[in-house]
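J.: Below: one structure in structure tokens.
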There are 2 protein chains.
Amino acid sequence: MTDYIAPLEDMAFVLNELADFSQLSQIPGFEDATEDMVAAILEEAGKQAHSIISPLNKTGDLAGVQLTATHDVVTPEGFKEAYQQYIESGWSSLQFEPEYGGQGLPFSLAIPVQEMWHAANMAWGLCPLLSQGAIEAIASNASTELKERFLPRMIEGAWTGTMNLTEPQSGSDLATIRTKATPQGDHYLIKGQKIFITWGEHDMAENIIHLVLARLPDAPAGSKGISLFLVPKYLVNADGSLGDKNDCKAVSLEHKIGIHASPTCAMSYGDEEGAIGYLIGEKHKGLACMFTMMNNARLTVGLQGVAIAERAYQSALEYAGERVQGIPFGGDETTPIIGHPDVQRMLMTIKSLTEAGRAMAYQACTGVDFTEKLSDDIARLKMKRRVGVLTPMVKGWCTEMAQEATSLAVQVHGGMGFIEETGVGQYFRDARILPIYEGTNGIQSLDLIGRKTLFDKGVAMYELIEEMENFIETMQMKEEIGNELLSIFSEGVKELRQSVEFILVNGRNQALIGSISSNYLMLASYVVAGWQMMRTAEISLKHLANETDREEFYRNKVENSRFFIGQILPRSGAYFKAIKASSLCANTLKAS
Amino acid sequence: MTDYIAPLEDMAFVLNELADFSQLSQIPGFEDATEDMVAAILEEAGKQAHSIISPLNKTGDLAGVQLTATHDVVTPEGFKEAYQQYIESGWSSLQFEPEYGGQGLPFSLAIPVQEMWHAANMAWGLCPLLSQGAIEAIASNASTELKERFLPRMIEGAWTGTMNLTEPQSGSDLATIRTKATPQGDHYLIKGQKIFITWGEHDMAENIIHLVLARLPDAPAGSKGISLFLVPKYLVNADGSLGDKNDCKAVSLEHKIGIHASPTCAMSYGDEEGAIGYLIGEKHKGLACMFTMMNNARLTVGLQGVAIAERAYQSALEYAGERVQGIPFGGDETTPIIGHPDVQRMLMTIKSLTEAGRAMAYQACTGVDFTEKLSDDIARLKMKRRVGVLTPMVKGWCTEMAQEATSLAVQVHGGMGFIEETGVGQYFRDARILPIYEGTNGIQSLDLIGRKTLFDKGVAMYELIEEMENFIETMQMKEEIGNELLSIFSEGVKELRQSVEFILVNGRNQALIGSISSNYLMLASYVVAGWQMMRTAEISLKHLANETDREEFYRNKVENSRFFIGQILPRSGAYFKAIKASSLCANTLKAS
């Protein structure tokens with residue numbers, strides 16, 4: 001199996017032509033982020049993903065990670081060296097503040113780069129993903145002193161970061177956290193057990209900076225009594241040098257369905273005198289601090305869905321081009337299976353899901369940059385609302401479509417797909433974590449329908465719907481796209497509008513709202529994905545109507561968009577009908 | 001995690017009330033198969049599945065199978081003993097001819113029993129599944145001499161059977177098989193390599209009877225030059241005693257995504273002088289012989305989908321009842337997660353998919369019995385056509401829904417679902433083989449749209465559609481079900497009728513036919529599943545309108561049916577729209 005090849009052309013198209021990145025580079029502070037610079041960065045990252053990170057994917061899956069008797073975690077061969085090259089190339093600092101050693105580039109430029117790491121090797125890519133979340137939480141909430149002591153080495157990549165939320169009794173519901181923090185001088189002593197800590201311990205970096213949710217002695221019960229602490233694996237002296245080992249350690253590793261090379265640790269804090277930690281942000285407001293990083297982390301988990309779908313596609317496409325089997329329906333000679341219409345259907349499904357997901361994810365990520373940089377208050381707030389509704393869609397939909405994409409890629413391989421040797425099974429197994437972590441997709445659905453629709457009185461959703469309606473009104477390539485496909489999209493937008501109305505009307509029936517939340521998230525996401533594909537078709541058709549030296553690329557984009565609209569988007573109707581019929585289908589299952 | 005508990009009440013309901021098993025027992029030869037006897041058999045099988053087979057599922061997954069230097073395969077601890085108990089209890093002989101030691105019971109009675117083995121332990125259950133296929137092929141096609149020599153010990157279960165079709169270059173397209181058979185006296189010498197041979201070698205039985213597709217020296221090229229041979233692991237003397245080891249062996253085992261305890265062997269025949277084999281059926285007509293067993297095997301693979309979905313449901317239901325987490329949307333205190341509406345949605349989705357699949361599968365399987373026993377020619381041929389169209393639906397749809405069901409069961413477990421310890425991950429991994437083996441679901445789609453619709457000129461499909469239309473006409477519980485759900489089902493039936501018309505009109509555009517085949521299979525299956533759920537609702541509502549001592553059971557069946565019709569069946573519209581839009585979405589992907 002060939003190593004991952006970054007789809008540079010599609011990434012650049014989505015970023016520049018769909019996600020308004022070019023407008024971003026006109027904003028003060030982002031002047032450097034020109035199209036040429038973007039192209040150069042993506043090309044360089046693509047090389048590293050292909051030749052260094054991707055070759056470690058399967059060997060890492062086979063080797064897994066080991067916990068030693070001294071509580072160290074041994075990562076698979078080559079992981080450490082690959083990480084060293086990653087930080088030496090400066091990838092870890094792309095989007096962070098120059099003040100602490102970052103390169104000050106847009107978050108959204110880091111996104112295609114990150115997509116490459118995850119596509120090349122999702123297990124490995126999780127280490128930088130978690131570090132970035134920790135950096136964001138510290139940068140947004142910690143004191144200047146803590147920032148100065150910890151951020152430069154973290155942004156440099158020499159130290160990695162983790163998020164310590166989950167405890168055995170406390171998963172989606174963080175209100176029940178029990179880990180304790182006791183004040184002692186300028187710091188706190190942390191005691192407690194955390195589970196599911198991704199890259200909680202490993203041998204790739206000099207230090208690991210744990211962000212830990214815990215309760216102070218005077219904390220009120222529930223979610224309003226949780227504080228956030230910075231707990232380094234090794235204490236850091238005032239001059240930045242490493243001091244003693246802190247009182248925390250990995251006590252076990254989980255045996256998982258996938259991402260075998262990513263250590264998922266149970267962590268113990270304070271088995272001896274207590275782990276030294278420093279408060280980040282205000283007392284009892286730890287959840288809010290955690291959420292500053294969680295939103296971006298949700299976007300990047302959605303991006304992981306795009307990444308692994310792309311990787312699965314490349315694998316399926318390669319196999320379908322090589323495997324000779326059978327005479328296609330209506331054909332007269334044996335061909336590679338890519339010649340079979342049903343294999344085409346599977347490949348096109350993976351491809352169009354992936355590209356729609358990429359469009360949706362990048363769109364949301366440029367939105368994050370606009371949210372931070374737009375000077376106009378009204379525009380900025382509107383953008384913030386937009387990112388707010390797109391975030392659960394990107395996390396929820398892109399990770400669901402990744403299930404379908406990776407499973408179809410297995411299917412394209414036939415019997416070979418079920419054999420681990422092929423490698424495609426790993427994508428299928430790895431991808432299964434995506435709808436679960438960083439807020440399950442059920443949580444995403446409730447976020448969209450609750451906070452982002454009901455509590456928002458539909459403002460953000462109506463803005464989105466109106467923009468899609470306006471798009472339909474003002475489309476210039478209607479004729480080329482044709483009435484039938486156009487009406488599938490228009491129908492989807494109408495269904496979404498009616499669903500929002502239905503939700504606002506039935507807001508008080510919270511059991512009903514809860515029961516339709518998942519269908520609503522999926523409906524909204526399919527329509528938004530369809531919008532991006534309609535925009536893709538519109539833009540590509542315009543290029544084709546004029547002179548272009550990328551005729552094949554744009555023609556493929558049009559075909560791919562047509563496939564998405566005609567073959568995938570009709571699913572929106574199934575979600576819509578389910579929403580409408582929801583009150584007729586009582587969910588009253590009892591535990592047996 | 002609790003061991004599997006057979007859903008005896010639902011199985012009996014589906015068999016007796018939906019699948020017309022009671023009519024079957026009025027046919028001469030099946031008089032013994034009374035409702036009471038069925039209940040007794042299911043209860044006994046349920047005990048064995050629960051206490052003997054199910055406890056070996058996870059240990060078997062962890063231990064896997066080993067190939068020794070002497071080409072023996074070591075199965076996980078306990079497998080051999082469980083198999084011994086299985087044959088001692090007479091389970092292997094249920095549906096076979098008394099002439100060769102079988103119990104002469106209906107095939108469809110063996111179906112719920114088999115569902116239990118697969119639900120308890122799919123990897124283990126594959127051994128009897130393959131044996132039964134081999135028995136059927138021998139019983140239908142072999143000479144009396146071969147039948148007398150081999151069938152009694154196979155039916156008894158002392159010897160198991162295998163199907164040897166696939167070769168490295170020959171998967172879905174069996175026309176390219178290269179294994180050679182050279183005549184020598186009363187037998188043939190077989191030489192060649194076969195791959196993906198399920199339970200091709202193991203230590204649970206005294207002998208293994210391989211059915212092997214191979215070519216005679218004078219064979220024409222292609223699929224019309226393939227013959228079927230019986231190749232025993234140990235030669236069998238005229239008196240039935242075991243003779244020399246034959247010249248065949250397992251040379252490697254595959255490392256797979258799931259069913260780790262089921263040995264998937266690469267087999268080598270004739271490394272020395274040639275493996276002794278006996279012709280089954282006519283020369284060059286081996287594929288037809290193989291298909292006599294393949295049809296039933298396809299039904300039982302669909303049944304495996306039902307089985308593993310049921311197992312996943314039980315696991316998810318148990319976890320959801322125990323895991324306390326979070327305050328439900330609109331609630332005011334923390335509850336077990338089964339109290340959350342979105343968890344209800346997931347559980348109900350798994351449950352209703354599973355029960356719809358069971359209804360469809362059992363229906364097809366009683367159809368097999370009717371096909372063999374009905375004395376009226378017209379009725380028998382009609383039933384044969386019906387089983388013909390249901391077979392690809394059962395194989396295709398029940399194995400696709402098993403993907404969704406097992407994945408949702410993982411999701412209900414949240415983070416714990418991704419950890420192998422929980423066990424639910426194994427169902428997810430095991431289930432992934434189902435859409436692939438015994439004819440990929442792509443092959444099933446082409447079978448339905450090609451042989452079973454186009455070449456049949458739509459006769460069988462129109463019969464099916466008319467029966468559904470008549471059902472709607474004559475329904476007695478319309479009011480209780482309500483117009484909205486009724487119209488979702490009616491809409492589905494209409495979509496199916498229009499799709500058949502579309503297919504018959506466009507039959508010559510074979511590339512188009514190929515490209516819509518999967519959508520057509522899924523559409524047809526959802527509608528047929530919806531029909532079974534409407535029938536379930538109708539029958540259950542009638543019971544509830546009268547005196548019944550099983551009020552809770554029937555009420556649950558009504559709720560479950562309503563959920564399926566209102567929340568799941570609307571998917572049919574998405575497939576229908578995709579079919580209609582197919583000509584607008586060219587599939588012209590090229591290998592990169």
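Residue numbering restarts at 1 in every chain; chains get A, B, ... in the order shown in the structure tokens, and ligands count up from 1 in that same order.
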Need to verify the contact set: stretch 340-354 of chain A, 7 Å, only C-alpha atoms, exclusion of same-chain residues closer than 2 positions in sequence. Can you return it as a PyMOL selection string?
T.: (chain A and resi 306+309-310+313+317+328-329+337-338+356-358+401+405+408+412+560-561+564) or (chain B and resi 442+511+514-515+587+589)
J.: Output as a PDB file with N, CA and C atoms, in the first residue's frame the set of chain A residues within 6 Å of chain B, with distances taken over only C-alpha atoms.
T.:
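As written to disk, iface06.pdb reads:
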```pdb
ATOM      1  N   ASP A 173     -20.678  13.821  31.729  1.00  0.00           N
ATOM      2  CA  ASP A 173     -21.141  14.714  32.796  1.00  0.00           C
ATOM      3  C   ASP A 173     -19.989  15.074  33.722  1.00  0.00           C
ATOM      4  N   HIS A 255      -6.558  -1.128  26.258  1.00  0.00           N
ATOM      5  CA  HIS A 255      -6.470  -1.956  25.063  1.00  0.00           C
ATOM      6  C   HIS A 255      -7.695  -1.627  24.206  1.00  0.00           C
ATOM      7  N   LYS A 256      -7.464  -0.991  23.060  1.00  0.00           N
ATOM      8  CA  LYS A 256      -8.560  -0.370  22.329  1.00  0.00           C
ATOM      9  C   LYS A 256      -8.836  -1.016  20.966  1.00  0.00           C
ATOM     10  N   ILE A 257      -9.991  -0.680  20.388  1.00  0.00           N
ATOM     11  CA  ILE A 257     -10.352  -1.145  19.046  1.00  0.00           C
ATOM     12  C   ILE A 257      -9.344  -0.624  18.013  1.00  0.00           C
ATOM     13  N   GLY A 321      -7.983   0.164  -8.601  1.00  0.00           N
ATOM     14  CA  GLY A 321      -7.293   0.325  -9.878  1.00  0.00           C
ATOM     15  C   GLY A 321      -6.402  -0.855 -10.214  1.00  0.00           C
ATOM     16  N   GLN A 325     -10.901  -8.162 -11.496  1.00  0.00           N
ATOM     17  CA  GLN A 325     -11.895  -9.143 -11.076  1.00  0.00           C
ATOM     18  C   GLN A 325     -13.211  -8.910 -11.791  1.00  0.00           C
ATOM     19  N   GLY A 326     -13.653  -9.921 -12.519  1.00  0.00           N
ATOM     20  CA  GLY A 326     -15.015  -9.913 -13.042  1.00  0.00           C
ATOM     21  C   GLY A 326     -15.258  -8.966 -14.200  1.00  0.00           C
ATOM     22  N   PHE A 329     -21.026  -5.272 -15.059  1.00  0.00           N
ATOM     23  CA  PHE A 329     -22.407  -5.385 -15.488  1.00  0.00           C
ATOM     24  C   PHE A 329     -22.557  -4.676 -16.831  1.00  0.00           C
ATOM     25  N   GLY A 330     -22.880  -5.437 -17.858  1.00  0.00           N
ATOM     26  CA  GLY A 330     -23.049  -4.838 -19.182  1.00  0.00           C
ATOM     27  C   GLY A 330     -21.763  -4.737 -19.988  1.00  0.00           C
ATOM     28  N   PRO A 341     -19.619  -0.530 -11.973  1.00  0.00           N
ATOM     29  CA  PRO A 341     -20.415   0.628 -11.522  1.00  0.00           C
ATOM     30  C   PRO A 341     -20.626   0.682 -10.005  1.00  0.00           C
ATOM     31  N   ASP A 342     -20.816  -0.463  -9.365  1.00  0.00           N
ATOM     32  CA  ASP A 342     -21.073  -0.412  -7.931  1.00  0.00           C
ATOM     33  C   ASP A 342     -19.806  -0.061  -7.143  1.00  0.00           C
ATOM     34  N   GLN A 344     -17.570   1.993  -8.401  1.00  0.00           N
ATOM     35  CA  GLN A 344     -17.574   3.445  -8.654  1.00  0.00           C
ATOM     36  C   GLN A 344     -18.462   4.155  -7.632  1.00  0.00           C
ATOM     37  N   GLY A 414     -13.062  -5.940  -0.652  1.00  0.00           N
ATOM     38  CA  GLY A 414     -13.609  -7.300  -0.568  1.00  0.00           C
ATOM     39  C   GLY A 414     -12.989  -8.055   0.599  1.00  0.00           C
ATOM     40  N   PHE A 418     -10.914  -7.297   5.057  1.00  0.00           N
ATOM     41  CA  PHE A 418     -11.094  -7.806   6.422  1.00  0.00           C
ATOM     42  C   PHE A 418      -9.770  -8.319   7.009  1.00  0.00           C
ATOM     43  N   ILE A 419      -8.771  -8.434   6.144  1.00  0.00           N
ATOM     44  CA  ILE A 419      -7.453  -8.919   6.570  1.00  0.00           C
ATOM     45  C   ILE A 419      -6.605  -7.715   6.977  1.00  0.00           C
ATOM     46  N   GLU A 420      -6.007  -7.776   8.145  1.00  0.00           N
ATOM     47  CA  GLU A 420      -5.281  -6.614   8.657  1.00  0.00           C
ATOM     48  C   GLU A 420      -4.108  -6.208   7.761  1.00  0.00           C
ATOM     49  N   ILE A 436     -16.935   9.374  19.374  1.00  0.00           N
ATOM     50  CA  ILE A 436     -17.007   9.242  20.830  1.00  0.00           C
ATOM     51  C   ILE A 436     -16.272  10.362  21.556  1.00  0.00           C
ATOM     52  N   GLN A 510     -39.054  18.946  26.141  1.00  0.00           N
ATOM     53  CA  GLN A 510     -37.618  18.671  26.063  1.00  0.00           C
ATOM     54  C   GLN A 510     -37.301  17.217  25.749  1.00  0.00           C
ATOM     55  N   GLY A 514     -34.858  16.249  22.792  1.00  0.00           N
ATOM     56  CA  GLY A 514     -33.739  15.316  22.952  1.00  0.00           C
ATOM     57  C   GLY A 514     -33.812  14.168  21.959  1.00  0.00           C
ATOM     58  N   SER A 515     -35.022  13.701  21.695  1.00  0.00           N
ATOM     59  CA  SER A 515     -35.146  12.523  20.831  1.00  0.00           C
ATOM     60  C   SER A 515     -34.916  12.853  19.356  1.00  0.00           C
ATOM     61  N   ARG A 562     -21.950  17.015  -8.142  1.00  0.00           N
ATOM     62  CA  ARG A 562     -23.199  16.469  -8.670  1.00  0.00           C
ATOM     63  C   ARG A 562     -23.518  15.141  -7.984  1.00  0.00           C
ATOM     64  N   PHE A 563     -22.497  14.329  -7.788  1.00  0.00           N
ATOM     65  CA  PHE A 563     -22.723  13.052  -7.122  1.00  0.00           C
ATOM     66  C   PHE A 563     -23.234  13.277  -5.699  1.00  0.00           C
ATOM     67  N   GLY A 566     -26.893  14.590  -5.869  1.00  0.00           N
ATOM     68  CA  GLY A 566     -27.884  13.648  -6.388  1.00  0.00           C
ATOM     69  C   GLY A 566     -27.962  12.338  -5.620  1.00  0.00           C
ATOM     70  N   GLN A 567     -26.825  11.897  -5.083  1.00  0.00           N
ATOM     71  CA  GLN A 567     -26.791  10.556  -4.484  1.00  0.00           C
ATOM     72  C   GLN A 567     -26.723  10.569  -2.953  1.00  0.00           C
ATOM     73  N   PRO A 570     -29.994  13.476  -0.764  1.00  0.00           N
ATOM     74  CA  PRO A 570     -31.381  13.059  -0.502  1.00  0.00           C
ATOM     75  C   PRO A 570     -31.588  12.437   0.874  1.00  0.00           C
ATOM     76  N   ARG A 571     -30.515  12.044   1.535  1.00  0.00           N
ATOM     77  CA  ARG A 571     -30.659  11.518   2.897  1.00  0.00           C
ATOM     78  C   ARG A 571     -31.300  12.531   3.840  1.00  0.00           C
ATOM     79  N   ALA A 574     -34.811  11.831   4.827  1.00  0.00           N
ATOM     80  CA  ALA A 574     -35.072  10.768   5.800  1.00  0.00           C
ATOM     81  C   ALA A 574     -34.999  11.328   7.224  1.00  0.00           C
ATOM     82  N   ALA A 578     -38.189  11.772   9.825  1.00  0.00           N
ATOM     83  CA  ALA A 578     -38.080  11.198  11.175  1.00  0.00           C
ATOM     84  C   ALA A 578     -38.380  12.267  12.233  1.00  0.00           C
ATOM     85  N   ALA A 581     -42.070  12.798  12.330  1.00  0.00           N
ATOM     86  CA  ALA A 581     -42.830  11.667  12.892  1.00  0.00           C
ATOM     87  C   ALA A 581     -42.462  11.387  14.340  1.00  0.00           C
ATOM     88  N   CYS A 585     -43.584   8.305  17.665  1.00  0.00           N
ATOM     89  CA  CYS A 585     -42.730   7.164  17.994  1.00  0.00           C
ATOM     90  C   CYS A 585     -42.179   7.364  19.390  1.00  0.00           C
ATOM     91  N   ASN A 587     -40.260   6.901  22.663  1.00  0.00           N
ATOM     92  CA  ASN A 587     -39.071   6.169  23.099  1.00  0.00           C
ATOM     93  C   ASN A 587     -39.250   5.850  24.575  1.00  0.00           C
ATOM     94  N   ALA A 591     -34.890  -0.534  30.831  1.00  0.00           N
ATOM     95  CA  ALA A 591     -33.800  -1.484  31.003  1.00  0.00           C
ATOM     96  C   ALA A 591     -34.418  -2.827  31.369  1.00  0.00           C
TER      97      ALA A 591
END
```
J.: Fewer than 6 positions away in the same chain doesn't count, so skip those; otherwise give me all residues within 7 Å of B:Ile208, counting only C-alpha atoms, as a PDB file with N, CA and C atoms, in the first residue's frame.
T.:
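Result file follows (out_34.pdb):
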```pdb
ATOM      1  N   TRP B 159     -17.982 -35.045  11.706  1.00  0.00           N
ATOM      2  CA  TRP B 159     -17.128 -34.448  10.674  1.00  0.00           C
ATOM      3  C   TRP B 159     -17.710 -33.099  10.296  1.00  0.00           C
ATOM      4  N   THR B 160     -16.860 -32.129  10.084  1.00  0.00           N
ATOM      5  CA  THR B 160     -17.353 -30.819   9.654  1.00  0.00           C
ATOM      6  C   THR B 160     -17.056 -30.618   8.168  1.00  0.00           C
ATOM      7  N   GLY B 161     -17.633 -29.561   7.604  1.00  0.00           N
ATOM      8  CA  GLY B 161     -17.457 -29.327   6.170  1.00  0.00           C
ATOM      9  C   GLY B 161     -16.963 -27.918   5.878  1.00  0.00           C
ATOM     10  N   PRO B 232     -11.822 -35.161   1.341  1.00  0.00           N
ATOM     11  CA  PRO B 232     -11.762 -35.313   2.799  1.00  0.00           C
ATOM     12  C   PRO B 232     -10.353 -35.069   3.325  1.00  0.00           C
ATOM     13  N   LYS B 233     -10.264 -34.533   4.524  1.00  0.00           N
ATOM     14  CA  LYS B 233      -8.955 -34.376   5.179  1.00  0.00           C
ATOM     15  C   LYS B 233      -8.340 -35.748   5.396  1.00  0.00           C
TER      16      LYS B 233
END
```
J.: Please report the interatomic distance between atom CA of B:His202 and atom CA of B:Gln48 in Å with one decimal.
T.: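 Pair atom CA of B:His202 / atom CA of B:Gln48 returns 21.8 Å.
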J.: Can you list, as a count of residues only, every residue of stretch 166-364 of chain A that DSSP puts in helix (DSSP H, G or I)?
T.: 71
J.: What lies within 12 Å of A:Asn237 using only C-alpha atoms, ignoring chain neighbours under 5 positions off, as a VMD selection string?
T.: chain A and resid 146 148 to 150 232 242 to 245
J.: Contacts of stretch 373-378 of chain A at 9 Å or less, counting only C-alpha atoms, minus same-chain residues fewer than 3 places along, as number ranges by chain?
T.: A: 24, 27-29, 368-370, 381-383
J.: For atom CA of A:Ala238 and atom CA of A:Val251, quote the distance in Å rounded to one decimal.
T.: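 The value is 29.3 Å.
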J.: What are the DSSP strand (DSSP E or B) residues of stretch 135-210 of chain A, as a count of residues only?
T.: 29
J.: Would you pick out the contacts of B:Glu81 at 12 Å or less, using only C-alpha atoms, so that residues sharing its chain but fewer than 6 positions from it are not included, and give the list as a list in words?
T.: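 With the cut-off at 12 Å, the set is Ile52, Ile53, Leu56, Thr75, Ile87, Glu88, Trp124, Asp203, Met204 and Ala205 of chain B.
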J.: Using only C-alpha atoms, find the one residue out of B:Ser241, B:Ser315, B:Thr391, B:Thr182 that sits nearest to B:Ala297.
T.: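 Nearest candidate to B:Ala297 out of B:Ser241, B:Ser315, B:Thr391, B:Thr182: B:Thr391.
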J.: Using only C-alpha atoms, determine which residues lie at most 9 Å from A:Gly125, disregarding the query and same-chain residues fewer than 4 positions distant; provide the list as an MDAnalysis selection string.
T.: chainID A and resid 53 114:121 129:130 262
J.: Counting only C-alpha atoms, figure out which residue out of B:Ala379, B:Val500, B:Thr371, B:Glu201 gets nearest to B:Pro263.
T.: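 The shortest atom-to-atom distance to B:Pro263 comes from B:Glu201.
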J.: Taking into account only C-alpha atoms, which residue in the set B:Ala6, B:Leu15, B:Met461, B:Ala40 is nearest to B:Leu390?
T.: B:Met461
J.: Measure the distance from atom CA of B:Gly458 to atom CA of B:Met522 in Å and round it to one decimal.
T.: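 Result for atom CA of B:Gly458 versus atom CA of B:Met522: 16.9 Å, one decimal.
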J.: Select, from A:Gly225, A:Pro76, A:Gly133, A:Pro152, the residue with the minimum atom-to-atom distance to A:Leu211, counting only C-alpha atoms.
T.: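 Closest to A:Leu211, using only C-alpha atoms: A:Gly133.
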